[in-house]
>>> print(open('input-v9.csv').read())   # CSV, C-alpha atoms
chain,number,residue,atom,x,y,z
N,1,MET,CA,97.2,13.1,-24.5
N,2,ILE,CA,100.2,10.9,-23.6
N,3,HIS,CA,99.4,7.2,-23.5
N,4,HIS,CA,101.2,4.8,-21.2
N,5,GLN,CA,101.5,2.1,-24.0
N,6,ILE,CA,100.7,2.0,-27.7
N,7,MET,CA,100.7,-1.1,-29.9
N,8,LEU,CA,101.9,-0.7,-33.5
N,9,ASP,CA,101.1,-3.0,-36.4
N,10,GLY,CA,100.2,-3.0,-40.0
N,11,THR,CA,97.6,-5.0,-41.9
N,12,TYR,CA,97.3,-5.6,-45.6
N,13,PHE,CA,94.5,-5.8,-48.2
N,14,ASN,CA,94.2,-5.3,-51.9
N,15,GLY,CA,97.7,-4.0,-52.3
N,16,TRP,CA,97.3,-1.5,-49.5
N,17,CYS,CA,98.6,-1.4,-46.0
N,18,VAL,CA,97.1,0.5,-43.0
N,19,LEU,CA,99.4,1.1,-40.0
N,20,ILE,CA,97.5,1.3,-36.8
N,21,ALA,CA,98.4,2.7,-33.3
N,22,TYR,CA,96.3,1.1,-30.6
N,23,THR,CA,96.3,1.5,-26.8
N,24,GLY,CA,94.8,-1.9,-26.1
N,25,THR,CA,91.3,-0.4,-25.7
N,26,HIS,CA,91.0,2.1,-28.6
N,27,VAL,CA,92.6,3.2,-31.8
N,28,VAL,CA,94.8,6.4,-31.5
N,29,ASP,CA,95.5,7.0,-35.2
N,30,TRP,CA,96.3,5.2,-38.5
N,31,GLN,CA,98.4,5.7,-41.7
N,32,TRP,CA,97.8,4.5,-45.2
N,33,CYS,CA,100.8,3.2,-47.3
N,34,ASP,CA,101.7,0.7,-49.9
N,35,HIS,CA,103.8,-1.3,-47.5
N,36,GLU,CA,105.5,-1.0,-44.1
N,37,LYS,CA,108.5,1.3,-44.4
N,38,LYS,CA,110.2,3.9,-42.3
N,39,ALA,CA,108.7,7.0,-44.0
N,40,ALA,CA,105.1,5.7,-43.4
N,41,TRP,CA,105.8,4.9,-39.7
N,42,VAL,CA,107.4,8.3,-39.1
N,43,ALA,CA,104.4,10.0,-40.6
N,44,LEU,CA,102.2,8.1,-38.1
N,45,LEU,CA,104.5,8.5,-35.0
N,46,ASN,CA,104.9,12.3,-35.6
N,47,ARG,CA,101.2,12.8,-35.1
N,48,ILE,CA,101.1,11.0,-31.7
N,49,PRO,CA,102.8,12.1,-28.4
N,50,ALA,CA,105.5,9.5,-27.5
N,51,PRO,CA,104.1,6.9,-25.0
N,52,VAL,CA,106.1,5.3,-22.2
N,53,VAL,CA,106.1,1.9,-24.0
N,54,ALA,CA,105.6,0.7,-27.6
N,55,ILE,CA,104.7,-2.9,-28.2
N,56,ILE,CA,105.7,-3.9,-31.8
N,57,ASP,CA,105.8,-6.9,-34.1
N,58,GLY,CA,109.1,-5.8,-35.7
N,59,GLY,CA,107.7,-4.7,-39.0
N,60,THR,CA,110.0,-3.3,-41.7
N,61,GLY,CA,111.3,0.2,-40.9
N,62,LEU,CA,109.6,0.5,-37.6
N,63,HIS,CA,112.7,0.3,-35.4
N,64,ALA,CA,114.3,3.1,-37.4
N,65,ALA,CA,111.1,5.2,-37.2
N,66,LEU,CA,111.0,4.7,-33.4
N,67,ARG,CA,114.5,5.9,-33.0
N,68,GLN,CA,113.7,9.0,-35.0
N,69,GLY,CA,110.1,9.7,-33.8
N,70,TRP,CA,110.0,8.3,-30.2
N,71,PRO,CA,113.7,8.0,-29.2
N,72,HIS,CA,112.9,7.9,-25.4
N,73,THR,CA,110.1,5.3,-25.6
N,74,ALA,CA,110.8,1.8,-24.3
N,75,VAL,CA,110.1,-1.0,-26.7
N,76,GLN,CA,108.6,-4.4,-26.1
N,77,ARG,CA,108.8,-7.0,-28.9
N,78,CYS,CA,105.6,-9.0,-29.2
N,79,TYR,CA,106.1,-12.5,-27.8
N,80,PHE,CA,103.9,-14.1,-30.4
N,81,HIS,CA,106.0,-12.7,-33.2
N,82,ILE,CA,109.2,-13.8,-31.4
N,83,TYR,CA,107.9,-17.4,-31.3
N,84,THR,CA,106.8,-17.3,-35.0
N,85,ALA,CA,110.2,-15.8,-36.1
N,86,ILE,CA,112.1,-18.6,-34.3
N,87,ARG,CA,109.8,-21.2,-35.6
N,88,ARG,CA,110.4,-19.9,-39.1
N,89,HIS,CA,114.2,-20.2,-38.6
N,90,LEU,CA,114.1,-23.6,-36.9
N,91,SER,CA,110.8,-25.3,-37.7
N,92,LEU,CA,108.6,-26.8,-34.9
N,93,SER,CA,110.8,-29.9,-34.8
N,94,PRO,CA,114.4,-29.0,-35.4
N,95,ARG,CA,116.7,-31.8,-36.5
N,96,LEU,CA,119.8,-30.7,-34.7
N,97,GLU,CA,120.3,-30.8,-30.9
N,98,ALA,CA,121.3,-27.1,-30.8
N,99,GLY,CA,118.0,-26.2,-32.5
N,100,GLN,CA,116.0,-28.4,-30.3
N,101,GLU,CA,117.4,-26.7,-27.2
N,102,LEU,CA,116.8,-23.3,-28.6
N,103,MET,CA,113.2,-24.2,-29.4
N,104,ARG,CA,112.7,-25.3,-25.8
N,105,LEU,CA,114.2,-22.0,-24.6
N,106,THR,CA,111.7,-20.2,-26.8
N,107,ARG,CA,108.8,-22.1,-25.4
N,108,ALA,CA,110.1,-21.4,-21.9
N,109,LEU,CA,110.3,-17.7,-22.8
N,110,MET,CA,106.6,-17.7,-23.4
N,111,ALA,CA,106.0,-18.9,-19.8
N,112,VAL,CA,108.1,-16.2,-18.1
N,113,THR,CA,105.9,-14.2,-15.7
N,114,ASP,CA,108.2,-12.2,-13.4
N,115,LEU,CA,111.8,-10.8,-13.2
N,116,ASP,CA,113.2,-13.8,-11.4
N,117,GLN,CA,112.1,-16.1,-14.1
N,118,ALA,CA,113.4,-13.6,-16.7
N,119,ALA,CA,116.8,-13.8,-15.0
N,120,VAL,CA,116.8,-17.6,-15.1
N,121,TRP,CA,115.9,-17.5,-18.8
N,122,MET,CA,118.7,-15.1,-19.6
N,123,GLY,CA,121.2,-17.4,-17.8
N,124,ALA,CA,119.9,-20.4,-19.7
N,125,TYR,CA,120.2,-18.6,-23.0
N,126,ALA,CA,123.8,-17.5,-22.2
N,127,THR,CA,124.6,-21.1,-21.4
N,128,TRP,CA,123.2,-22.2,-24.7
N,129,GLU,CA,125.3,-19.7,-26.6
N,130,ALA,CA,128.5,-20.8,-24.8
N,131,LYS,CA,127.7,-24.5,-25.4
N,132,TRP,CA,127.2,-24.1,-29.1
N,133,GLU,CA,129.6,-21.3,-30.0
N,134,THR,CA,132.2,-23.6,-31.7
N,135,PHE,CA,129.5,-25.6,-33.4
N,136,LEU,CA,127.9,-22.5,-35.0
N,137,LYS,CA,131.3,-21.5,-36.4
N,138,GLN,CA,131.5,-24.6,-38.6
N,139,ARG,CA,132.0,-23.8,-42.3
N,140,SER,CA,131.0,-25.6,-45.5
N,141,ARG,CA,132.8,-25.4,-48.9
N,142,PRO,CA,131.8,-26.2,-52.4
N,143,GLY,CA,132.3,-29.8,-53.4
N,144,LYS,CA,130.6,-33.0,-54.7
N,145,GLY,CA,127.3,-33.5,-53.0
N,146,VAL,CA,127.4,-30.2,-51.1
N,147,LEU,CA,124.4,-28.0,-51.8
N,148,ARG,CA,125.0,-24.3,-51.9
N,149,PRO,CA,122.4,-22.6,-49.7
N,150,THR,CA,120.0,-20.0,-51.2
N,151,GLY,CA,121.5,-16.6,-51.1
N,152,VAL,CA,125.1,-17.7,-51.0
N,153,ASN,CA,126.9,-16.1,-54.0
N,154,GLU,CA,128.5,-18.5,-56.5
N,155,ASN,CA,131.8,-16.9,-56.0
N,156,ARG,CA,131.9,-17.6,-52.2
N,157,ALA,CA,134.6,-20.1,-51.3
N,158,TRP,CA,132.8,-21.0,-48.0
N,159,TRP,CA,129.8,-20.3,-45.9
N,160,TYR,CA,128.6,-21.0,-42.4
N,161,THR,CA,127.1,-24.5,-42.2
N,162,HIS,CA,124.3,-23.8,-39.7
N,163,GLN,CA,122.9,-20.7,-41.2
N,164,ARG,CA,119.3,-21.0,-39.8
N,165,LEU,CA,120.6,-21.5,-36.3
N,166,ARG,CA,122.9,-18.5,-36.7
N,167,ARG,CA,119.9,-16.4,-37.8
N,168,ALA,CA,117.9,-17.5,-34.8
N,169,ARG,CA,120.9,-16.6,-32.5
N,170,GLY,CA,121.3,-13.3,-34.2
N,171,PHE,CA,117.6,-12.6,-33.7
N,172,TYR,CA,117.8,-13.2,-30.0
N,173,ARG,CA,121.1,-11.2,-29.7
N,174,THR,CA,119.3,-8.2,-31.3
N,175,LEU,CA,116.4,-8.4,-28.9
N,176,ILE,CA,118.7,-8.6,-25.9
N,177,ARG,CA,121.0,-5.8,-27.1
N,178,HIS,CA,118.0,-3.5,-27.6
N,179,HIS,CA,116.4,-4.6,-24.3
N,180,ASN,CA,113.2,-5.6,-26.1
N,181,LEU,CA,112.6,-8.9,-24.3
N,182,PHE,CA,111.5,-8.1,-20.8
N,183,THR,CA,110.4,-4.4,-21.0
N,184,TRP,CA,106.9,-5.5,-19.9
N,185,LEU,CA,108.3,-6.6,-16.6
N,186,ASN,CA,110.2,-3.4,-15.8
N,187,PRO,CA,108.6,-1.8,-12.7
N,188,ALA,CA,110.3,1.5,-13.4
N,189,LEU,CA,108.0,2.0,-16.4
N,190,ALA,CA,104.9,2.2,-14.2
N,191,PRO,CA,106.0,3.2,-10.7
N,192,GLY,CA,103.1,3.0,-8.2
N,193,THR,CA,100.5,3.0,-11.0
N,194,GLY,CA,99.9,-0.7,-11.2
N,195,VAL,CA,99.5,-0.4,-15.0
N,196,LYS,CA,100.3,-3.7,-16.7
N,197,VAL,CA,102.3,-3.5,-19.9
N,198,ASP,CA,101.3,-6.0,-22.6
N,199,ARG,CA,103.8,-8.4,-24.0
N,200,THR,CA,102.0,-9.1,-27.3
N,201,THR,CA,100.1,-7.1,-29.9
N,202,SER,CA,97.3,-9.6,-29.7
N,203,PRO,CA,94.7,-7.0,-28.6
N,204,LEU,CA,95.4,-5.1,-31.8
N,205,GLU,CA,95.5,-8.3,-34.0
N,206,GLY,CA,92.2,-9.6,-32.5
N,207,GLY,CA,90.6,-6.1,-32.4
N,208,PRO,CA,91.0,-3.5,-35.2
N,209,ASN,CA,92.9,-5.9,-37.6
N,210,LYS,CA,90.3,-8.6,-37.2
N,211,ALA,CA,87.5,-6.1,-37.6
N,212,ILE,CA,89.0,-4.8,-40.8
N,213,LYS,CA,89.2,-8.2,-42.3
N,214,GLU,CA,85.6,-9.1,-41.3
N,215,LEU,CA,84.3,-5.8,-42.7
N,216,LEU,CA,86.0,-6.4,-46.1
N,217,ARG,CA,84.9,-10.1,-46.1
N,218,ALA,CA,81.3,-9.1,-45.5
N,219,HIS,CA,81.4,-6.5,-48.3
N,220,ARG,CA,83.4,-8.2,-51.0
N,221,GLY,CA,83.5,-6.4,-54.3
N,222,MET,CA,83.7,-2.8,-53.0
N,223,PRO,CA,85.7,-0.5,-55.3
N,224,GLU,CA,89.1,0.3,-53.9
N,225,ASP,CA,88.3,3.8,-52.9
N,226,HIS,CA,85.1,2.7,-51.3
N,227,ALA,CA,86.9,0.0,-49.3
N,228,ARG,CA,89.5,2.5,-48.0
N,229,ARG,CA,86.7,4.9,-46.9
N,230,ALA,CA,85.0,1.9,-45.2
N,231,VAL,CA,88.2,1.1,-43.3
N,232,ASP,CA,88.6,4.8,-42.3
N,233,TRP,CA,85.0,4.8,-41.0
N,234,LEU,CA,85.6,1.6,-39.0
N,235,LEU,CA,88.9,2.8,-37.4
N,236,ASN,CA,87.3,6.2,-36.6
N,237,SER,CA,84.5,4.4,-34.8
N,238,LEU,CA,87.1,2.5,-32.7
N,239,THR,CA,88.8,5.7,-31.5
N,240,GLU,CA,88.2,7.1,-28.0
N,241,HIS,CA,86.4,10.2,-29.4
N,242,PRO,CA,85.1,9.4,-32.9
N,243,ARG,CA,84.8,12.3,-35.4
N,244,ASN,CA,81.7,12.9,-37.5
N,245,PRO,CA,81.7,10.1,-40.1
N,246,TRP,CA,80.7,12.6,-42.8
N,247,ASP,CA,84.2,14.1,-42.4
N,248,LEU,CA,85.5,10.8,-43.9
N,249,ALA,CA,83.0,10.7,-46.8
N,250,ARG,CA,83.3,14.2,-48.3
N,251,GLU,CA,81.7,15.2,-51.6
N,252,GLU,CA,84.7,14.3,-53.7
N,253,HIS,CA,84.3,10.7,-52.5
N,254,TRP,CA,80.7,10.3,-53.5
N,255,ASN,CA,81.4,9.7,-57.2
N,256,PRO,CA,85.1,9.0,-57.5
N,257,PRO,CA,86.5,8.9,-61.1
N,258,PRO,CA,86.7,5.3,-62.4
N,259,THR,CA,90.1,3.6,-62.0
N,260,ARG,CA,89.8,2.1,-65.5
N,261,PRO,CA,87.7,2.9,-68.6
N,262,GLN,CA,84.2,1.7,-68.3
N,263,HIS,CA,83.8,1.1,-72.1
N,264,GLN,CA,85.6,1.6,-75.3
N,265,ASP,CA,84.4,2.6,-78.8
N,266,GLU,CA,83.6,-0.3,-81.0
N,267,PRO,CA,86.3,-0.9,-83.7
N,268,ILE,CA,85.4,-0.3,-87.3
N,269,GLY,CA,85.6,-3.4,-89.5
N,270,PRO,CA,86.6,-7.0,-88.5
N,271,THR,CA,89.1,-7.7,-85.7
N,272,LEU,CA,92.1,-9.8,-86.7
N,273,TYR,CA,93.2,-10.9,-83.2
N,274,ASP,CA,91.0,-10.9,-80.1
N,275,ASN,CA,89.0,-13.3,-77.9
N,276,ALA,CA,85.6,-12.7,-79.4
N,277,PHE,CA,83.4,-15.5,-80.6
N,278,SER,CA,83.3,-16.1,-84.3
N,279,TRP,CA,81.3,-18.7,-86.4
N,280,GLU,CA,83.9,-18.3,-89.2
N,281,ASP,CA,86.6,-19.7,-86.9
N,282,GLY,CA,84.7,-22.9,-86.5
N,283,ASN,CA,83.8,-22.2,-82.9
N,284,GLY,CA,80.1,-23.1,-83.3
N,285,ILE,CA,78.4,-26.0,-81.4
N,286,GLN,CA,80.5,-29.1,-81.7
N,287,HIS,CA,79.5,-32.7,-81.4
N,288,GLY,CA,81.6,-35.4,-79.6
N,289,TRP,CA,85.0,-35.1,-78.0
N,290,ALA,CA,87.1,-32.3,-79.6
N,291,GLY,CA,84.7,-31.9,-82.4
N,292,ARG,CA,84.9,-35.5,-83.5
N,293,ASN,CA,82.1,-38.0,-83.1
N,294,HIS,CA,82.8,-41.1,-81.0
N,295,PRO,CA,83.0,-44.3,-83.1
>>> encode(input="input-v9.csv", output="structure tokens")
Amino acid sequence: MIHHQIMLDGTYFNGWCVLIAYTGTHVVDWQWCDHEKKAAWVALLNRIPAPVVAIIDGGTGLHAALRQGWPHTAVQRCYFHIYTAIRRHLSLSPRLEAGQELMRLTRALMAVTDLDQAAVWMGAYATWEAKWETFLKQRSRPGKGVLRPTGVNENRAWWYTHQRLRRARGFYRTLIRHHNLFTWLNPALAPGTGVKVDRTTSPLEGGPNKAIKELLRAHRGMPEDHARRAVDWLLNSLTEHPRNPWDLAREEHWNPPPTRPQHQDEPIGPTLYDNAFSWEDGNGIQHGWAGRNHP
């Protein structure tokens, strides 16, 4: 089945990551991995027919996987993640005027609701870039009282002064170049259907991702294999046509081998160095502070 839109996101727990494909109403498929990377995303995308639109949070390797697996799918970047990325670069209250203006533009982006407002926003952003172009080219050089920013090599003779602003600008330039800002407003993606394209991955964050965290919180202490089977069961139950749950808990899962030895043979003779209690070490019951009586 070809879906109109699919949201893609990964959620982490206990050193594992599960990548989820979600339509906004039900889970399509999922993929286990150690962290978000291209190979894991490709493995997931290859099992799903390419949708019309993919709504993404910009996770590591996902753009490359989309180009390989779904090259003709339009992409919408999640507005919530756009806002958090710009806030991470600039903070909520930027000190510089250029940063303050860009933060206001970011808040205005969150309020765009139609193509006319999108065109106005694009014009305002282009004006911001032109206004601050020279300012963002300013350079700093090593000297007394000049702090070298993190990540700038000691051999560098100079660096751009306003690096955080330049990163925020580069972030917006990438979104605009890849047409990831206003895909959700493109009427050509749903001609005559009236299907609304989401502009955030919030249904996925507040649906399957939240359900996974609540499941694991309610059942703390499950062995790692058991926890993964529980997440599989949960995601299967959220699909449009759930499979038989027993397909997820096969016989080899009933008594999985221990991940670490349950016990070890007792050593023969005394132990020279360990954390065991010993009366000979003077670790018996003491009286007073640090073994000394108060005067």
>>> closest_residue(input="input-v9.csv", among="N:Val18, N:Ile48, N:Leu109, N:Ile55", to="Ile2 in chain N", atoms="all atoms listed in the file")
N:Ile48
>>> closest_residue(input="input-v9.csv", among="N:Val195, N:Met1, N:Ala218, N:Leu189", to="Val75 in chain N", atoms="only C-alpha atoms")
N:Leu189
>>> atom_distance(input="input-v9.csv", atom1="CA of Lys144 in chain N", atom2="CA of Glu97 in chain N")
26.0 Å
>>> atom_distance(input="input-v9.csv", atom1="CA of Leu147 in chain N", atom2="CA of Glu129 in chain N")
26.5 Å
>>> residues_near_point(input="input-v9.csv", point="(100.8, 8.9, -37.4)", cutoff="8 Å", atoms="all atoms listed in the file", output="PyMOL selection string")
chain N and resi 21+29-31+41-48
>>> write_last_selection(input="input-v9.csv", atoms="C-alpha atoms", output="PDB file, in the coordinates of the input")
ATOM      1  CA  ALA N  21      98.400   2.700 -33.300  1.00  0.00           C
ATOM      2  CA  ASP N  29      95.500   7.000 -35.200  1.00  0.00           C
ATOM      3  CA  TRP N  30      96.300   5.200 -38.500  1.00  0.00           C
ATOM      4  CA  GLN N  31      98.400   5.700 -41.700  1.00  0.00           C
ATOM      5  CA  TRP N  41     105.800   4.900 -39.700  1.00  0.00           C
ATOM      6  CA  VAL N  42     107.400   8.300 -39.100  1.00  0.00           C
ATOM      7  CA  ALA N  43     104.400  10.000 -40.600  1.00  0.00           C
ATOM      8  CA  LEU N  44     102.200   8.100 -38.100  1.00  0.00           C
ATOM      9  CA  LEU N  45     104.500   8.500 -35.000  1.00  0.00           C
ATOM     10  CA  ASN N  46     104.900  12.300 -35.600  1.00  0.00           C
ATOM     11  CA  ARG N  47     101.200  12.800 -35.100  1.00  0.00           C
ATOM     12  CA  ILE N  48     101.100  11.000 -31.700  1.00  0.00           C
TER      13      ILE N  48
END
>>> closest_residue(input="input-v9.csv", among="N:Lys37, N:His226, N:His26, N:His4", to="Pro242 in chain N", atoms="only C-alpha atoms")
N:His26
>>> atom_distance(input="input-v9.csv", atom1="CA of His219 in chain N", atom2="CA of Trp233 in chain N")
13.9 Å
>>> closest_residue(input="input-v9.csv", among="N:Tyr22, N:Phe13, N:Trp70, N:Tyr79", to="Asn180 in chain N", atoms="all atoms listed in the file")
N:Tyr79
>>> residues_around(input="input-v9.csv", residues="range 114-123 of chain N", least_positions_apart="2", cutoff="9 Å", atoms="all atoms listed in the file", output="mmCIF file with C-alpha atoms, in the coordinates of the input")
data_model
loop_
_atom_site.group_PDB
_atom_site.id
_atom_site.type_symbol
_atom_site.label_atom_id
_atom_site.label_comp_id
_atom_site.auth_asym_id
_atom_site.auth_seq_id
_atom_site.Cartn_x
_atom_site.Cartn_y
_atom_site.Cartn_z
ATOM 1 C CA LEU N 105 114.200 -22.000 -24.600
ATOM 2 C CA ALA N 108 110.100 -21.400 -21.900
ATOM 3 C CA LEU N 109 110.300 -17.700 -22.800
ATOM 4 C CA ALA N 111 106.000 -18.900 -19.800
ATOM 5 C CA VAL N 112 108.100 -16.200 -18.100
ATOM 6 C CA TYR N 125 120.200 -18.600 -23.000
ATOM 7 C CA ALA N 126 123.800 -17.500 -22.200
ATOM 8 C CA THR N 127 124.600 -21.100 -21.400
ATOM 9 C CA TRP N 128 123.200 -22.200 -24.700
ATOM 10 C CA LEU N 181 112.600 -8.900 -24.300
ATOM 11 C CA PHE N 182 111.500 -8.100 -20.800
ATOM 12 C CA LEU N 185 108.300 -6.600 -16.600
ATOM 13 C CA ASN N 186 110.200 -3.400 -15.800
#
>>> closest_residue(input="input-v9.csv", among="N:His178, N:His241, N:Lys137, N:Lys38", to="Ala65 in chain N", atoms="only C-alpha atoms")
N:Lys38
>>> closest_residue(input="input-v9.csv", among="N:Ile212, N:Ala230, N:Leu235, N:Ala74", to="Tyr12 in chain N", atoms="all atoms listed in the file")
N:Ile212
>>> residues_around(input="input-v9.csv", residues="Gly15 in chain N", least_positions_apart="6", cutoff="12 Å", atoms="all atoms listed in the file", output="PDB file with C-alpha atoms, in the frame of the given file")
ATOM      1  CA  TRP N  32      97.800   4.500 -45.200  1.00  0.00           C
ATOM      2  CA  CYS N  33     100.800   3.200 -47.300  1.00  0.00           C
ATOM      3  CA  ASP N  34     101.700   0.700 -49.900  1.00  0.00           C
ATOM      4  CA  HIS N  35     103.800  -1.300 -47.500  1.00  0.00           C
ATOM      5  CA  GLU N  36     105.500  -1.000 -44.100  1.00  0.00           C
ATOM      6  CA  GLU N 224      89.100   0.300 -53.900  1.00  0.00           C
ATOM      7  CA  ALA N 227      86.900   0.000 -49.300  1.00  0.00           C
ATOM      8  CA  ARG N 228      89.500   2.500 -48.000  1.00  0.00           C
TER       9      ARG N 228
END
>>> residues_around(input="input-v9.csv", residues="Lys210 in chain N", least_positions_apart="4", cutoff="12 Å", atoms="all atoms listed in the file", output="NGL selection string")
:N and (10-12 or 202-206 or 214-217 or 231 or 234-235)
>>> write_last_selection(input="input-v9.csv", atoms="C-alpha atoms", output="CSV table (one decimal), keeping the file's coordinate frame")
chain,number,residue,atom,x,y,z
N,10,GLY,CA,100.2,-3.0,-40.0
N,11,THR,CA,97.6,-5.0,-41.9
N,12,TYR,CA,97.3,-5.6,-45.6
N,202,SER,CA,97.3,-9.6,-29.7
N,203,PRO,CA,94.7,-7.0,-28.6
N,204,LEU,CA,95.4,-5.1,-31.8
N,205,GLU,CA,95.5,-8.3,-34.0
N,206,GLY,CA,92.2,-9.6,-32.5
N,214,GLU,CA,85.6,-9.1,-41.3
N,215,LEU,CA,84.3,-5.8,-42.7
N,216,LEU,CA,86.0,-6.4,-46.1
N,217,ARG,CA,84.9,-10.1,-46.1
N,231,VAL,CA,88.2,1.1,-43.3
N,234,LEU,CA,85.6,1.6,-39.0
N,235,LEU,CA,88.9,2.8,-37.4
>>> residues_near_point(input="input-v9.csv", point="(125.9, -19.2, -45.3)", cutoff="9 Å", atoms="only C-alpha atoms", output="number ranges by chain")
N: 139-140, 148-152, 158-164
>>> residues_around(input="input-v9.csv", residues="His81 in chain N", least_positions_apart="5", cutoff="9 Å", atoms="all atoms listed in the file", output="list in words")
Ile56, Asp57, Gly58, Ile86, Thr200 and Thr201 of chain N
